[in-house]
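A.B. asks: One structure, pasted below without further comment.
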Amino acid sequence: MLRVRCLRGGSRGAEAAHFIGSRLGRAVTGWVQRSPQSTQVAAASQKRCATEDKAPGPAHKDCPVCSYNEWDPLEEVIVGRAENARVPPFSVEVKANTYEKYWGFYQKFGGESFPKDHVKKAIAEIEEMCNILKKEGVIVKRPDPIDWSVKYKTPDFESTGMYAAMPRDILLVVGNEIIEAPMAWRARFFEYRAYRRIIKDYFNNGAKWTTAPKPTMADELYDQDYPIRSVEDRHKLAAQGKFVTTEFEPCFDAADFIRAGRDIFVQRSQVTNYMGIEWMRRHLAPDYRVHVISFKDPNPMHIDATFNIIGPGLVLSNPDRPCHQIELFKKAGWTVIHPPVPLIPDDHPLWMSSKWLSMNVLMLDEKRVMVDANETSIQKMFENLGISTIKVNIRHANSLGGGFHCWTCDIRRRGTLQSYFD
């Protein structure tokens, strides 16, 4: 059985058709222009990755990068940094992905540092998280500190940076390949620079390294008149398959994809368009099948606080954002669990996220999970499932936009490529 992370948003009919078409092995291309075949950098180094993804044996002994799903035993991980984190400028794509009650915050502080005392506490929380991961036997790598206040200008836009806090947003590991996502926020255009030292090291030791086509992020990529005024507006637009990003050029965040062996699930969201999904589909074919799924979500952006896979055939599905294709998983024998209501207080600032980061957990293996120390209800849920909880407080880190899954990118898990959905 297969574990899935549901992506938020998308045109229900188009996505369902794409999902079913993928299962039948057909290419659904009517809604997207054909994009050129991806170019992949061949890994030529002293060490070679032992097998192709379709080989039955484990590749991780010979390759520093090897991960096929969200639950095999975790051996190495990248953990993000909150240092120098800046509030992104209040551009149209940021407005579409944030809640109205925080718009004044972005308008006032865009381009400036997040509250320094808050960031200091977030840094301390993530350091403790890293220490605990190491004690659990996991190798931890960190991105380089970057001065995100530097203004930059391209022929199409200008901006300041944001942070390197969420490696899950920009990096996707599929087998022995690490893929850099192009991103969709202008404030994140150069975020890849913080990870280049690490990725070059993986490459020099035998990993595959692919960078998706970098978008220009010109004005045409965004609906400049995206009409959001209320949650109801967001729901209507998402149901109609309308998002702030257009189909001008491919774009996607890696966090809109979730892996389950040969099957990878993705949502069309505010930061991931159909051209980006099609690029990934063609790039990963024929060894992997990319399926589009959708949710009743007024603000679709990243999948792991909506649909988070925690084991083979076991998935957490957000009760506030039901998956439109959930029967497909149930019919395949999956167990769908609705996590309890989060306990985070209403007055805690969540500038870039929702309370449902409580379900944004990191599986260390099928029987160990890293979960927020404050979320006692979900801890009990895991314990009832026979899964031991590793409790860490990252409440201030949550405010910057992510839980444990977001703050990490699993580089190596001990396992092999399998199909859980046939």
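Naming scheme: A, B, ... for chains in displayed order of the structure tokens; residues 1 onward per chain; ligands 1 onward as shown.
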Which of range 79-276 of chain A counts as strand (DSSP E) under DSSP, as a count of residues only please?

C.D. replies: 28

A.B. asks: Within 9 Å of Val119 in chain A, counting only C-alpha atoms, which residues qualify if same-chain residues fewer than 2 places away don't, as a list in words?

C.D. replies: Ala82, Glu83, Asn84, Ala85, Ser113, Phe114, Pro115, Lys116, Asp117, Lys121, Ala122, Ile123, Ala124, His396, Ala397 and Leu400 of chain A

A.B. asks: Those same residues, written as a compact mmCIF listing (two decimals), in the first residue's frame with C-alpha atoms?

C.D. replies:
# COMPACT_ATOMS: atom_id res chain seq x y z
CA ALA A 82 16.02 30.59 10.69
CA GLU A 83 19.10 32.82 10.82
CA ASN A 84 18.65 36.17 9.03
CA ALA A 85 15.04 35.35 8.10
CA SER A 113 13.69 41.04 9.58
CA PHE A 114 11.05 38.97 11.32
CA PRO A 115 10.82 40.00 15.00
CA LYS A 116 14.33 39.36 16.29
CA ASP A 117 13.35 37.88 19.65
CA LYS A 121 13.72 31.50 19.96
CA ALA A 122 13.04 29.69 16.68
CA ILE A 123 16.79 29.23 16.13
CA ALA A 124 17.16 27.70 19.60
CA HIS A 396 8.19 29.67 17.48
CA ALA A 397 9.67 27.92 14.44
CA LEU A 400 7.92 30.99 10.05

A.B. asks: As a PyMOL selection string, please: all residues of range 172-320 of chain A that backbone DSSP puts in alpha helix (DSSP H).

C.D. replies: chain A and resi 196-204+231-239+274-284

A.B. asks: Compare A:Asp320, A:Asp147, A:Asp297, A:Glu128 by their minimum atom-to-atom distance to Pro339 in chain A, counting only C-alpha atoms, and give me the closest one.

C.D. replies: A:Asp320

A.B. asks: Would you compute the distance between CA of Arg262 in chain A and CA of Arg368 in chain A? Give it in Å to one decimal.

C.D. replies: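 Between CA of Arg262 in chain A and CA of Arg368 in chain A the gap is 23.3 Å.
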
A.B. asks: In Å, with one decimal, what is the gap from CA of Leu74 in chain A to CA of Phe307 in chain A?

C.D. replies: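 Atom-to-atom, CA of Leu74 in chain A to CA of Phe307 in chain A, that is 20.1 Å.
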